[in-house]
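Asker: File my_file.txt follows (compact mmCIF, C-alpha atoms):
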```txt
# COMPACT_ATOMS: atom_id res chain seq x y z
CA MET O 1 130.43 121.23 -13.37
CA LYS O 2 131.48 117.56 -13.47
CA ARG O 3 134.66 118.44 -15.39
CA LYS O 4 135.46 121.11 -12.80
CA ASN O 5 135.11 118.54 -9.98
CA ILE O 6 137.40 116.11 -11.80
CA LEU O 7 140.07 118.79 -12.25
CA THR O 8 139.77 119.72 -8.57
CA ASP O 9 140.24 116.08 -7.54
CA ILE O 10 143.28 115.72 -9.81
CA ARG O 11 144.90 118.86 -8.38
CA SER O 12 144.20 117.65 -4.84
CA ILE O 13 145.79 114.24 -5.49
CA ASN O 14 148.79 115.75 -7.28
CA SER O 15 149.43 118.06 -4.33
CA TYR O 16 150.65 115.10 -2.28
CA ASN O 17 154.17 113.76 -2.20
CA ILE O 18 154.58 110.49 -4.10
CA GLU O 19 155.47 108.77 -0.80
CA GLU O 20 152.19 109.83 0.85
CA ILE O 21 148.97 107.81 0.83
CA GLY O 22 147.05 110.82 -0.45
CA SER O 23 148.80 110.45 -3.80
CA LEU O 24 147.17 107.04 -4.39
CA ILE O 25 143.51 107.76 -3.72
CA THR O 26 140.51 107.64 -6.01
CA THR O 27 137.36 109.70 -5.53
CA ASN O 28 135.27 106.95 -7.10
CA TYR O 29 133.20 105.97 -4.02
CA ILE O 30 129.77 106.49 -2.46
CA LYS O 31 129.27 108.58 0.65
CA ILE O 32 126.01 108.99 2.60
CA SER O 33 124.92 110.77 5.77
CA ARG O 34 124.27 108.84 8.97
CA GLU O 35 121.05 110.87 9.38
CA LEU O 36 119.37 108.89 6.58
CA SER O 37 117.02 105.97 7.10
CA VAL O 38 117.73 102.63 5.43
CA ARG O 39 115.13 103.44 2.79
CA GLN O 40 116.70 106.83 2.06
CA ALA O 41 120.16 105.26 1.98
CA MET O 42 118.99 102.74 -0.64
CA ARG O 43 117.63 105.57 -2.77
CA GLU O 44 120.94 107.40 -2.49
CA LEU O 45 122.81 104.23 -3.41
CA ILE O 46 120.66 103.66 -6.51
CA LYS O 47 121.16 107.29 -7.56
CA GLU O 48 124.95 107.19 -7.14
CA ALA O 49 125.60 103.63 -8.37
CA GLY O 50 125.53 104.71 -12.01
CA LYS O 51 128.32 107.24 -11.38
CA HIS O 52 130.64 105.06 -9.29
CA ASP O 53 132.17 101.58 -9.66
CA ASN O 54 133.17 101.00 -6.03
CA ILE O 55 129.82 100.29 -4.40
CA SER O 56 130.58 97.20 -2.28
CA THR O 57 131.32 99.47 0.68
CA ILE O 58 129.33 102.64 1.40
CA TYR O 59 131.01 105.25 3.57
CA VAL O 60 129.05 107.17 6.17
CA VAL O 61 129.70 110.71 7.44
CA ASP O 62 128.21 112.65 10.34
CA GLN O 63 126.48 116.03 10.24
CA ASN O 64 129.89 117.75 10.08
CA ASP O 65 130.93 115.66 7.05
CA ARG O 66 133.45 113.71 9.15
CA PHE O 67 133.98 109.98 8.66
CA TYR O 68 131.58 108.05 10.88
CA GLY O 69 131.82 104.45 9.66
CA ALA O 70 131.05 102.14 6.76
CA ILE O 71 128.27 99.85 5.55
CA ASP O 72 128.70 96.63 3.63
CA LEU O 73 126.45 96.60 0.58
CA LYS O 74 124.90 93.25 1.44
CA ASP O 75 123.99 94.51 4.93
CA LEU O 76 122.20 97.50 3.45
CA ILE O 77 120.29 95.29 1.00
CA ALA O 78 119.26 92.87 3.76
CA ALA O 79 118.16 95.63 6.19
CA ARG O 80 114.48 96.49 6.74
CA LYS O 81 113.63 99.75 5.01
CA TYR O 82 112.38 101.51 8.18
CA ASP O 83 115.31 100.40 10.40
CA SER O 84 117.84 102.86 11.79
CA LEU O 85 120.96 103.13 9.65
CA ASP O 86 123.08 103.10 12.81
CA ASN O 87 122.27 99.42 13.31
CA ILE O 88 124.26 98.36 10.24
CA ILE O 89 127.09 100.91 10.35
CA THR O 90 130.51 99.52 11.28
CA ARG O 91 131.89 102.24 13.52
CA SER O 92 135.32 100.63 13.94
CA TYR O 93 135.98 100.47 10.19
CA PRO O 94 139.74 100.99 9.52
CA TYR O 95 141.05 104.07 7.75
CA LEU O 96 144.29 105.74 6.66
CA LEU O 97 145.46 109.35 6.86
CA ASP O 98 146.35 111.30 3.75
CA HIS O 99 149.85 112.39 4.85
CA GLU O 100 150.92 109.00 6.21
CA ASN O 101 153.93 107.37 4.56
CA ILE O 102 153.03 104.53 2.19
CA SER O 103 155.91 102.22 3.13
CA GLU O 104 155.18 102.54 6.86
CA ASN O 105 151.61 101.35 6.36
CA ILE O 106 152.12 98.32 4.13
CA GLU O 107 151.70 95.81 6.95
CA LYS O 108 148.68 97.69 8.29
CA ILE O 109 147.02 97.65 4.86
CA LYS O 110 147.67 93.90 4.49
CA ASP O 111 146.33 93.16 7.98
CA TYR O 112 143.09 95.07 7.39
CA GLY O 113 142.17 92.85 4.45
CA GLN O 114 139.42 95.18 3.20
CA ASP O 115 138.31 95.72 -0.40
CA SER O 116 138.82 99.45 0.07
CA LEU O 117 139.95 101.82 2.79
CA PRO O 118 138.91 105.45 3.32
CA VAL O 119 141.70 108.02 3.36
CA LEU O 120 140.99 110.87 5.75
CA THR O 121 142.32 114.38 6.20
CA SER O 122 143.57 115.55 9.60
CA GLU O 123 140.06 116.93 10.23
CA GLY O 124 138.55 113.46 9.78
CA LYS O 125 136.91 114.16 6.42
CA ILE O 126 137.03 111.60 3.61
CA LEU O 127 139.49 112.68 0.94
CA GLY O 128 139.08 109.53 -1.15
CA ILE O 129 139.56 105.77 -0.91
CA LEU O 130 142.32 103.27 -1.52
CA THR O 131 140.94 100.30 -3.51
CA SER O 132 142.12 96.69 -3.40
CA ARG O 133 143.80 97.15 -6.79
CA ASP O 134 145.65 100.21 -5.49
CA MET O 135 146.67 98.24 -2.39
CA LEU O 136 148.07 95.37 -4.47
CA GLU O 137 150.07 97.80 -6.60
CA VAL O 138 151.43 99.50 -3.48
CA ILE O 139 152.46 96.19 -1.91
CA ASP O 140 153.99 94.99 -5.19
CA ASP O 141 155.92 98.24 -5.66
CA GLU O 142 157.16 98.17 -2.07
CA MET O 143 158.32 94.56 -2.34
CA GLY O 144 160.08 95.39 -5.61
CA ASP O 145 161.74 98.39 -4.02
CA ASP O 146 162.92 96.34 -1.02
CA TYR O 147 164.23 93.63 -3.34
CA ALA O 148 166.20 96.23 -5.25
CA LYS O 149 167.56 97.67 -2.01
CA LEU O 150 168.70 94.25 -0.81
CA GLY O 151 170.73 94.07 -4.01
CA GLY O 152 172.37 97.40 -3.25
CA LEU O 153 170.30 99.50 -5.66
CA THR O 154 168.66 102.80 -4.81
CA LYS O 155 165.48 101.76 -6.61
CA GLU O 156 164.29 99.27 -9.19
CA GLU O 157 165.87 99.69 -12.55
CA ASP O 158 163.71 100.53 -15.52
CA LEU O 159 164.10 98.78 -18.86
CA LYS O 160 164.19 102.23 -20.45
CA GLU O 161 167.24 103.26 -18.44
CA THR O 162 170.52 103.60 -20.26
CA THR O 163 173.47 101.39 -19.43
CA LYS O 164 175.24 104.38 -17.92
CA GLU O 165 172.35 105.18 -15.56
CA SER O 166 172.15 101.56 -14.37
CA MET O 167 175.90 101.47 -13.82
CA LYS O 168 175.75 104.66 -11.74
CA LYS O 169 173.17 103.05 -9.45
CA ARG O 170 175.13 99.86 -8.89
CA LEU O 171 178.68 101.18 -8.83
CA PRO O 172 178.81 102.89 -5.38
CA TRP O 173 178.02 99.73 -3.43
CA LEU O 174 180.24 97.63 -5.68
CA ILE O 175 183.20 99.92 -4.92
CA ILE O 176 182.52 99.61 -1.18
CA LEU O 177 182.24 95.83 -1.51
CA LEU O 178 185.47 95.72 -3.52
CA PHE O 179 187.43 97.15 -0.60
CA LEU O 180 185.57 95.01 1.93
CA GLY O 181 186.34 91.99 -0.26
CA MET O 182 190.02 92.95 -0.20
CA GLY O 183 189.79 92.86 3.58
CA VAL O 184 188.31 89.36 3.48
CA SER O 185 191.05 88.24 1.05
CA THR O 186 193.69 89.67 3.39
CA VAL O 187 192.25 87.64 6.26
CA VAL O 188 192.32 84.50 4.10
CA GLY O 189 195.97 85.25 3.29
CA VAL O 190 196.79 85.18 7.01
CA PHE O 191 195.78 81.52 7.07
CA GLU O 192 197.76 80.44 3.96
CA ASN O 193 200.17 78.42 6.10
CA ILE O 194 197.26 76.25 7.24
CA VAL O 195 196.28 75.53 3.63
CA ALA O 196 199.91 74.70 2.80
CA VAL O 197 200.07 72.14 5.61
CA LEU O 198 196.57 70.69 5.07
CA PRO O 199 195.34 71.47 1.51
CA ILE O 200 192.12 69.44 1.87
CA ILE O 201 190.48 72.06 4.08
CA ILE O 202 190.17 74.48 1.16
CA CYS O 203 187.74 72.01 -0.46
CA PHE O 204 185.12 72.85 2.16
CA GLN O 205 185.61 76.62 2.32
CA SER O 206 182.77 77.34 -0.12
CA LEU O 207 180.45 75.11 1.91
CA ILE O 208 181.02 77.18 5.06
CA LEU O 209 180.77 80.49 3.19
CA ASP O 210 177.56 79.55 1.39
CA MET O 211 175.76 78.24 4.48
CA ALA O 212 176.78 81.22 6.62
CA GLY O 213 175.68 83.58 3.84
CA ASN O 214 172.32 81.87 3.44
CA VAL O 215 171.59 81.93 7.15
CA GLY O 216 172.59 85.59 7.46
CA THR O 217 170.41 86.57 4.50
CA GLN O 218 167.42 84.72 5.97
CA SER O 219 167.81 86.54 9.29
CA LEU O 220 168.23 89.83 7.42
CA ALA O 221 165.02 89.30 5.44
CA VAL O 222 163.04 88.41 8.58
CA THR O 223 164.41 91.37 10.51
CA ILE O 224 163.67 93.92 7.77
CA ARG O 225 160.12 92.61 7.46
CA VAL O 226 159.59 92.80 11.23
CA LEU O 227 161.04 96.34 11.35
CA MET O 228 158.09 97.53 9.23
CA ASP O 229 156.17 97.47 12.51
CA GLU O 230 157.00 100.88 13.93
CA GLU O 231 155.52 99.91 17.32
CA MET O 232 158.30 97.45 18.12
CA ASP O 233 159.94 98.23 21.45
CA GLY O 234 163.31 97.20 22.89
CA LYS O 235 161.89 94.02 24.40
CA ASP O 236 160.48 92.89 21.03
CA LYS O 237 163.82 93.55 19.33
CA LEU O 238 165.69 91.58 22.01
CA SER O 239 163.24 88.70 21.55
CA LEU O 240 163.89 88.79 17.81
CA VAL O 241 167.68 88.66 18.31
CA ILE O 242 167.38 85.72 20.75
CA LYS O 243 164.98 83.87 18.46
CA GLU O 244 167.23 84.23 15.41
CA LEU O 245 170.25 83.15 17.46
CA LYS O 246 168.37 80.04 18.62
CA ILE O 247 167.36 79.26 15.04
CA GLY O 248 170.96 79.65 13.87
CA LEU O 249 172.23 77.44 16.69
CA GLY O 250 169.56 74.80 16.14
CA ASN O 251 170.15 74.59 12.40
CA GLY O 252 173.91 74.75 12.96
CA ILE O 253 173.86 71.81 15.36
CA LEU O 254 171.81 69.68 12.97
CA LEU O 255 173.87 70.53 9.89
CA GLY O 256 177.10 70.26 11.88
CA PHE O 257 176.33 66.66 12.82
CA LEU O 258 175.33 65.85 9.24
CA SER O 259 178.64 67.31 8.04
CA LEU O 260 180.59 65.35 10.65
CA PHE O 261 179.05 62.08 9.50
CA PHE O 262 178.84 62.44 5.71
CA LEU O 263 182.04 64.42 5.17
CA GLY O 264 183.89 61.99 7.42
CA ILE O 265 182.76 59.11 5.19
CA TYR O 266 183.66 61.07 2.04
CA ILE O 267 187.16 61.98 3.28
CA TYR O 268 187.80 58.43 4.51
CA PHE O 269 186.72 56.60 1.34
CA PHE O 270 187.52 59.09 -1.43
CA LYS O 271 190.48 61.08 -0.05
CA ASN O 272 192.26 58.07 1.50
CA TYR O 273 192.69 59.57 4.97
CA ARG O 274 192.75 57.39 8.03
CA PHE O 275 189.39 57.19 9.80
CA PHE O 276 190.50 59.28 12.79
CA HIS O 277 192.02 61.90 10.50
CA ALA O 278 188.83 62.03 8.43
CA LEU O 279 186.69 62.51 11.55
CA MET O 280 188.95 65.29 12.82
CA ILE O 281 188.63 67.18 9.51
CA SER O 282 184.87 66.64 9.19
CA GLY O 283 184.46 67.52 12.87
CA CYS O 284 186.29 70.78 12.26
CA VAL O 285 183.99 71.55 9.29
CA GLY O 286 180.90 70.68 11.33
CA THR O 287 182.00 72.84 14.28
CA ALA O 288 182.86 75.74 11.97
CA LEU O 289 179.45 75.36 10.35
CA LEU O 290 177.72 75.50 13.73
CA VAL O 291 179.65 78.54 14.97
CA SER O 292 179.47 80.50 11.69
CA MET O 293 175.73 79.87 11.27
CA ALA O 294 174.99 81.02 14.82
CA ILE O 295 177.14 84.16 14.43
CA SER O 296 175.73 84.89 10.96
CA SER O 297 172.17 84.68 12.32
CA LEU O 298 173.15 87.16 15.00
CA VAL O 299 174.90 89.48 12.54
CA GLY O 300 171.99 89.26 10.08
CA THR O 301 169.69 90.49 12.86
CA LEU O 302 171.89 93.05 14.59
CA ILE O 303 173.11 94.93 11.49
CA PRO O 304 169.62 95.96 10.25
CA LEU O 305 168.58 96.77 13.84
CA PHE O 306 171.63 99.03 14.15
CA PHE O 307 170.93 100.84 10.88
CA HIS O 308 167.27 101.22 11.83
CA LYS O 309 168.37 102.75 15.14
CA ILE O 310 170.54 105.39 13.45
CA LYS O 311 167.75 106.21 10.95
CA VAL O 312 169.42 104.59 7.94
CA ASP O 313 167.26 102.41 5.68
CA PRO O 314 168.20 98.87 6.84
CA ALA O 315 167.27 97.29 3.50
CA ILE O 316 169.64 99.29 1.31
CA ALA O 317 172.42 99.49 3.92
CA SER O 318 172.30 95.88 5.11
CA GLY O 319 171.86 94.03 1.82
CA PRO O 320 175.31 94.43 0.28
CA LEU O 321 177.09 94.62 3.64
CA ILE O 322 175.70 91.45 5.19
CA THR O 323 177.22 89.11 2.57
CA THR O 324 180.73 90.45 3.06
CA VAL O 325 180.47 90.44 6.86
CA ASN O 326 179.21 86.84 6.79
CA ASP O 327 182.10 85.84 4.53
CA LEU O 328 184.52 87.39 7.00
CA VAL O 329 182.85 85.63 9.94
CA ALA O 330 182.86 82.28 8.12
CA VAL O 331 186.49 82.55 6.99
CA VAL O 332 187.81 83.51 10.42
CA THR O 333 185.74 80.80 12.11
CA TYR O 334 186.66 78.03 9.69
CA TYR O 335 190.38 78.69 9.38
CA GLY O 336 190.68 79.61 13.04
CA LEU O 337 189.19 76.26 14.10
CA SER O 338 191.27 74.46 11.47
CA TRP O 339 194.42 76.01 12.89
CA LEU O 340 193.37 75.15 16.44
CA PHE O 341 192.14 71.57 15.89
CA LEU O 342 194.14 70.35 12.91
CA ILE O 343 197.46 72.18 13.13
CA GLN O 344 198.05 72.87 16.81
CA TRP O 345 196.85 69.38 17.70
CA ARG O 346 198.49 67.66 14.75
CA HIS O 347 200.56 65.47 17.06
CA PHE O 348 197.32 63.71 17.94
CA ILE O 349 196.68 62.93 14.26
```
Turn the structure described in the file into structure tokens.
Answerer:
Amino acid sequence: MKRKNILTDIRSINSYNIEEIGSLITTNYIKISRELSVRQAMRELIKEAGKHDNISTIYVVDQNDRFYGAIDLKDLIAARKYDSLDNIITRSYPYLLDHENISENIEKIKDYGQDSLPVLTSEGKILGILTSRDMLEVIDDEMGDDYAKLGGLTKEEDLKETTKESMKKRLPWLIILLFLGMGVSTVVGVFENIVAVLPIIICFQSLILDMAGNVGTQSLAVTIRVLMDEEMDGKDKLSLVIKELKIGLGNGILLGFLSLFFLGIYIYFFKNYRFFHALMISGCVGTALLVSMAISSLVGTLIPLFFHKIKVDPAIASGPLITTVNDLVAVVTYYGLSWLFLIQWRHFI
């Protein structure tokens, strides 16, 4: 009979899609009726404890076998044996539904902070539980999957995969990025006359690109994490965009002033430019840093929001794209300001 029950449980769990919470449950838990007294509940606990490992939380069902609440083991032990069981039942105990998507409930699972959570059917009956170990594995798998997506992969690569299989996963985005990179290179080529007139500005190109890329990636990571909350409305999204823009501006202003001061000293002492010339160049770098960081913060927020709006996974779509877009923003900003301040106004230098 026991073997038959185990086979039934396995078939039930295997009937769920791998993306559904029902596929992760265990039936190793203790369930009692709310009609029992504390004394009867203790007897039931003692009888079932030898068969089950997860006894820290006891789940309670009503007369129709629907989930009613949960009891903490220590509360049951401390209760008087003739007390009503209702007095120690937590009615508002959190639960999950069997057909809910795993990835959409990660934040909810983390916020609950329980050792185990009951998984219910649509009729409110307990199908099984999700233990803390299961929850950690789910969160770890989801983080690994998102990390892979941010790198432009469809899923995490397995050590057992062949080189050909891994190449097939990475190649599509790399081809897209190749052509986008050609676009960035074409834009850089437009500004080659500026480099010919003032070669020193190319020394600081990587600085602008790296800082803009870092800021955009930070905003991207924050936005994707926030988008896990499916209850976000338009006002929340607007607040997020404004907040990230403020952060980009604030950091850009601070780093822009630092660049103005330290790069000015570097150019003056080590590149043998006159002091005013050095300040003009470092000022251009600082301004470009400010503008590109602010725009990159905005881009890093708006791109995942856009993909989320059109029902495209923002992690896998935004990851590879955001770096190239930020490079384009940084290049146009830096060389555009260099042309404006250092070439068009060269008669002031």
Asker: Need the shell around O:Glu44: protein/DNA/RNA residues with any atom at most 10 Å away, counting all atoms listed in the file. Skip same-chain ones fewer than 5 positions apart. Format as an NGL selection string?
Answerer: :O and (30-33 or 36 or 38-39 or 49)
Asker: Between atom CA of O:Leu171 and atom CA of O:Thr223, what is the distance, to one decimal in Å?
Answerer: 26.0 Å
Asker: So that I can see what lies close to O:Ser296, please list as a VMD selection string the residues with an atom at most 8 Å from it, counting all atoms listed in the file and leaving out residues fewer than 6 positions away in the same chain.
Answerer: chain O and resid 212 to 213 215 to 216 248 326 329
Asker: So, with only C-alpha atoms as the atoms that count, which of O:Phe307, O:Asp327, O:Lys271, O:Asp115 lies closest to O:Asp210?
Answerer: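 With only C-alpha atoms as the atom set, the closest residue is O:Asp327.
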Asker: Using all atoms listed in the file, which of the listed residues (O:Ser37, O:Ser116, O:Ser103, O:Thr26) sits closest to O:Ile88?
Answerer: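 Looking only at the distances to O:Ile88, the closest residue turns out to be O:Ser37.
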Asker: Using all atoms listed in the file, which of the listed residues (O:Val222, O:Ile322, O:Ala79, O:Ile176) sits closest to O:Glu244?
Answerer: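 Checking each candidate against O:Glu244, we get O:Val222 as the closest.
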Asker: If you count all atoms listed in the file, which residues fall within 9 Å of O:Leu130, apart from same-chain ones fewer than 3 positions away, as a PyMOL selection string?
Answerer: chain O and resi 21-22+24-26+96+115-119+133-135
Asker: Measuring between all atoms listed in the file, which one of O:Thr301, O:Asp72, O:Ile202, O:Leu209 shows the shortest distance to O:Val184?
Answerer: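 The closest residue to O:Val184 is O:Leu209.
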Asker: Find, counting all atoms listed in the file, the residue in O:Asn28, O:Val190, O:Phe179, O:Ile201 that gets nearest to O:Thr131.
Answerer: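 Checking each of O:Asn28, O:Val190, O:Phe179, O:Ile201 against O:Thr131, counting all atoms listed in the file, the winner is O:Asn28.
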Asker: Using only C-alpha atoms, give me every residue within 9 Å of (133.6, 97.7, -4.6) in file coordinates, as a PDB file with C-alpha atoms, in the coordinates of the input.
Answerer:
```
ATOM      1  CA  TYR O  29     133.200 105.970  -4.020  1.00  0.00           C
ATOM      2  CA  ASP O  53     132.170 101.580  -9.660  1.00  0.00           C
ATOM      3  CA  ASN O  54     133.170 101.000  -6.030  1.00  0.00           C
ATOM      4  CA  ILE O  55     129.820 100.290  -4.400  1.00  0.00           C
ATOM      5  CA  SER O  56     130.580  97.200  -2.280  1.00  0.00           C
ATOM      6  CA  THR O  57     131.320  99.470   0.680  1.00  0.00           C
ATOM      7  CA  ILE O  58     129.330 102.640   1.400  1.00  0.00           C
ATOM      8  CA  LEU O  73     126.450  96.600   0.580  1.00  0.00           C
ATOM      9  CA  ASP O 115     138.310  95.720  -0.400  1.00  0.00           C
ATOM     10  CA  SER O 116     138.820  99.450   0.070  1.00  0.00           C
ATOM     11  CA  THR O 131     140.940 100.300  -3.510  1.00  0.00           C
ATOM     12  CA  SER O 132     142.120  96.690  -3.400  1.00  0.00           C
TER      13      SER O 132
END
```
Asker: Compile the contact shell of O:Ile126 as a list in words: residues with an atom at most 9 Å away, counting all atoms listed in the file, same-chain residues fewer than 3 positions apart removed.
Answerer: Lys31, Tyr59, Val61, Asp65, Arg66, Phe67, Pro118, Val119, Leu120, Thr121 and Ile129 of chain O
